[in-house]
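Structure file run.cif (mmCIF, C-alpha atoms) is printed below.
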data_entry
loop_
_atom_site.label_atom_id
_atom_site.label_comp_id
_atom_site.auth_asym_id
_atom_site.auth_seq_id
_atom_site.Cartn_x
_atom_site.Cartn_y
_atom_site.Cartn_z
CA MET A 12 35.17 14.84 -3.05
CA ALA A 13 34.25 11.42 -1.67
CA GLU A 14 30.97 11.55 -3.62
CA SER A 15 32.74 12.22 -6.92
CA THR A 16 35.17 9.39 -6.16
CA ALA A 17 32.25 7.06 -5.45
CA LEU A 18 30.62 8.13 -8.69
CA ALA A 19 33.79 7.56 -10.67
CA ASN A 20 34.35 4.13 -9.14
CA THR A 21 30.81 2.76 -9.40
CA GLY A 22 29.11 4.86 -12.05
CA THR A 23 26.31 5.78 -9.61
CA LEU A 24 25.96 7.33 -6.21
CA ASP A 25 24.71 5.10 -3.42
CA PRO A 26 22.33 7.50 -1.66
CA LYS A 27 21.66 6.97 1.99
CA ILE A 28 18.10 6.08 2.94
CA PHE A 29 16.49 7.52 6.05
CA ARG A 30 13.31 6.87 8.00
CA LEU A 31 11.25 9.48 9.84
CA GLN A 32 8.41 8.43 12.12
CA PHE A 33 5.59 10.76 13.10
CA ASP A 34 2.55 11.15 15.32
CA LEU A 35 0.13 13.91 14.39
CA GLU A 36 -2.59 15.03 16.78
CA VAL A 37 -5.33 16.21 14.46
CA MET A 38 -8.33 18.49 14.51
CA VAL A 39 -9.49 17.99 10.88
CA PRO A 40 -8.66 14.50 9.53
CA GLN A 41 -9.68 15.36 5.94
CA ARG A 42 -7.22 18.26 5.87
CA VAL A 43 -4.42 16.02 7.11
CA MET A 44 -5.06 13.68 4.19
CA GLU A 45 -4.99 16.66 1.83
CA ILE A 46 -1.62 17.75 3.25
CA PHE A 47 -0.17 14.28 2.62
CA ARG A 48 -1.55 14.13 -0.92
CA ILE A 49 0.12 17.49 -1.64
CA ALA A 50 3.37 16.29 -0.08
CA GLN A 51 3.27 13.24 -2.36
CA THR A 52 2.89 15.37 -5.48
CA ARG A 53 5.52 17.96 -4.48
CA VAL A 54 8.27 15.59 -3.37
CA SER A 55 8.74 12.58 -5.63
CA GLY A 56 9.95 9.28 -4.29
CA ILE A 57 8.20 9.42 -0.94
CA ARG A 58 7.62 6.00 0.61
CA GLY A 59 5.97 5.00 3.86
CA ALA A 60 2.51 4.90 5.37
CA ILE A 61 0.01 6.87 7.42
CA GLU A 62 -2.83 5.45 9.48
CA PRO A 63 -5.35 6.91 11.92
CA THR A 64 -5.35 5.63 15.49
CA PRO A 65 -8.54 3.89 16.66
CA ASP A 66 -9.67 7.00 18.58
CA GLY A 67 -9.37 9.14 15.42
CA GLN A 68 -7.41 11.83 17.26
CA HIS A 69 -3.99 10.96 15.84
CA PHE A 70 -2.39 9.82 12.62
CA VAL A 71 0.79 7.78 12.96
CA GLY A 72 3.18 6.58 10.34
CA PHE A 73 6.58 6.75 8.78
CA LEU A 74 8.31 8.22 5.76
CA GLU A 75 11.35 6.86 3.95
CA GLY A 76 13.72 8.49 1.49
CA ASN A 77 16.76 10.71 1.32
CA GLN A 78 17.45 13.23 4.06
CA GLU A 79 16.62 16.33 2.01
CA MET A 80 13.28 14.88 0.90
CA LEU A 81 12.25 14.00 4.45
CA GLU A 82 13.15 17.46 5.71
CA LYS A 83 11.00 19.02 2.95
CA ILE A 84 8.06 16.80 3.87
CA ARG A 85 8.41 17.76 7.54
CA VAL A 86 8.28 21.47 6.58
CA ILE A 87 5.20 20.92 4.39
CA ILE A 88 3.40 19.13 7.21
CA GLU A 89 4.34 21.74 9.82
CA ARG A 90 3.49 24.79 7.67
CA SER A 91 0.31 23.42 6.08
CA GLY A 92 -1.04 21.84 9.25
CA ALA A 93 -0.58 24.97 11.30
CA LEU A 94 -2.09 27.22 8.65
CA LEU A 95 -5.18 25.09 8.16
CA SER A 96 -5.56 24.37 11.89
CA ALA A 97 -5.70 20.73 10.88
CA ILE A 98 -2.89 19.58 13.16
CA LYS A 99 -2.79 20.40 16.88
CA ASN A 100 0.62 18.87 17.47
CA ALA A 101 3.22 17.14 15.30
CA VAL A 102 5.89 14.91 16.81
CA PHE A 103 8.67 13.62 14.59
CA SER A 104 11.40 11.14 15.43
CA GLU A 105 15.02 11.82 14.67
CA LEU A 106 16.09 10.78 11.19
CA GLU A 107 17.32 7.20 11.28
CA GLU A 108 19.51 5.75 8.55
CA ILE A 109 18.19 2.44 7.23
CA ALA A 110 19.83 -0.17 5.00
CA LYS A 111 16.96 -0.41 2.49
CA PHE A 112 13.41 0.73 1.90
CA THR A 113 10.75 -1.17 3.84
CA ALA A 114 7.83 0.26 1.84
CA GLU A 115 7.34 0.10 -1.93
CA THR A 116 5.09 3.19 -2.13
CA PHE A 117 3.29 5.60 0.17
CA ASN A 118 0.10 4.09 1.59
CA MET A 119 -2.80 5.72 3.37
CA VAL A 120 -4.21 2.91 5.51
CA ASN A 121 -7.83 3.10 6.75
CA CYS A 122 -7.91 6.84 6.09
CA PRO A 123 -11.22 8.69 6.07
CA GLY A 124 -13.21 9.26 2.86
CA PRO A 125 -12.07 10.68 -0.44
CA THR A 126 -9.55 13.47 -0.33
CA PRO A 127 -10.71 16.77 -1.80
CA GLU A 128 -8.71 18.58 -4.47
CA PRO A 129 -5.74 20.43 -2.93
CA THR A 130 -6.53 23.92 -1.68
CA ILE A 131 -3.22 24.74 0.02
CA PRO A 132 -1.39 27.56 -1.83
CA LEU A 133 1.75 26.41 -3.64
CA ALA A 134 3.78 29.06 -1.83
CA LEU A 135 3.35 27.10 1.42
CA THR A 136 4.93 24.01 -0.09
CA ARG A 137 8.07 25.82 -1.25
CA GLN A 138 11.01 26.69 0.92
#

Starting from the coordinates I provided, produce the structure as structure tokens.
Amino acid sequence: MAESTALANTGTLDPKIFRLQFDLEVMVPQRVMEIFRIAQTRVSGIRGAIEPTPDGQHFVGFLEGNQEMLEKIRVIIERSGALLSAIKNAVFSELEEIAKFTAETFNMVNCPGPTPEPTIPLALTRQ
């Protein structure tokens, strides 16, 4: 009811923005990049960044958007990474509400080589 009242009063909903940080211990860096490319195409509006650590064993970064979107991305990463044996371990922070976006887009910083065409079955990216 509060949402419909907010909509009536302002003409638009003021969606809450959340931030989710992650640290992925990886086995196959190229596959991790593929997973993120698929996540970008399946869930519109993703913002944030991913970057490999200097030792190449981890990717760290953050995602920003609404709560439902971030939960979907987490599921995609967990399901796809486990299936492809690309991710040994995934650690996510708790969702944190933020006042505004800090990233304009989603950036892959210093990530290895070109990403191959997606090979993960669509069924894995659906709930």

| query | Which is closest to Gly76 (chain A) among A:Ile49, A:Val43, A:Leu106, A:Cys122, if we use only C-alpha atoms? | reply | A:Leu106

| Selected by the PyMOL selection byres ((chain A and resi 97) around 7) in the shown coordinates: which residues, as a PyMOL selection string? | chain A and resi 37-39+42-43+92-93+95-96+98-99

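When only C-alpha atoms are used to measure the gap to Arg30 (chain A), the shortest distance among A:Gln51, A:Gln68, A:Glu89, A:Ile57 belongs to A:Ile57.
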
| message | If we count all atoms listed in the file and set the cut-off at 9 Å, which residues sit around Val71 (chain A), ignoring sequence neighbours fewer than 5 positions away in its own chain? Please answer as a ChimeraX atom specification. | response | /A:32-36,60-64

| message | For the provided coordinates, the residues matched by the PyMOL selection byres ((chain A and resi 72-75) around 12) should be stated as number ranges by chain. | response | A: 27-35, 47, 50-51, 54-64, 69-71, 76-85, 101-120, 122

| request: Find, counting all atoms listed in the file, the residue in A:Pro26, A:Glu45, A:Pro40, A:Asp66 that gets nearest to Ile87 (chain A). | output: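 Using all atoms listed in the file, Ile87 (chain A) sits closest to A:Glu45.
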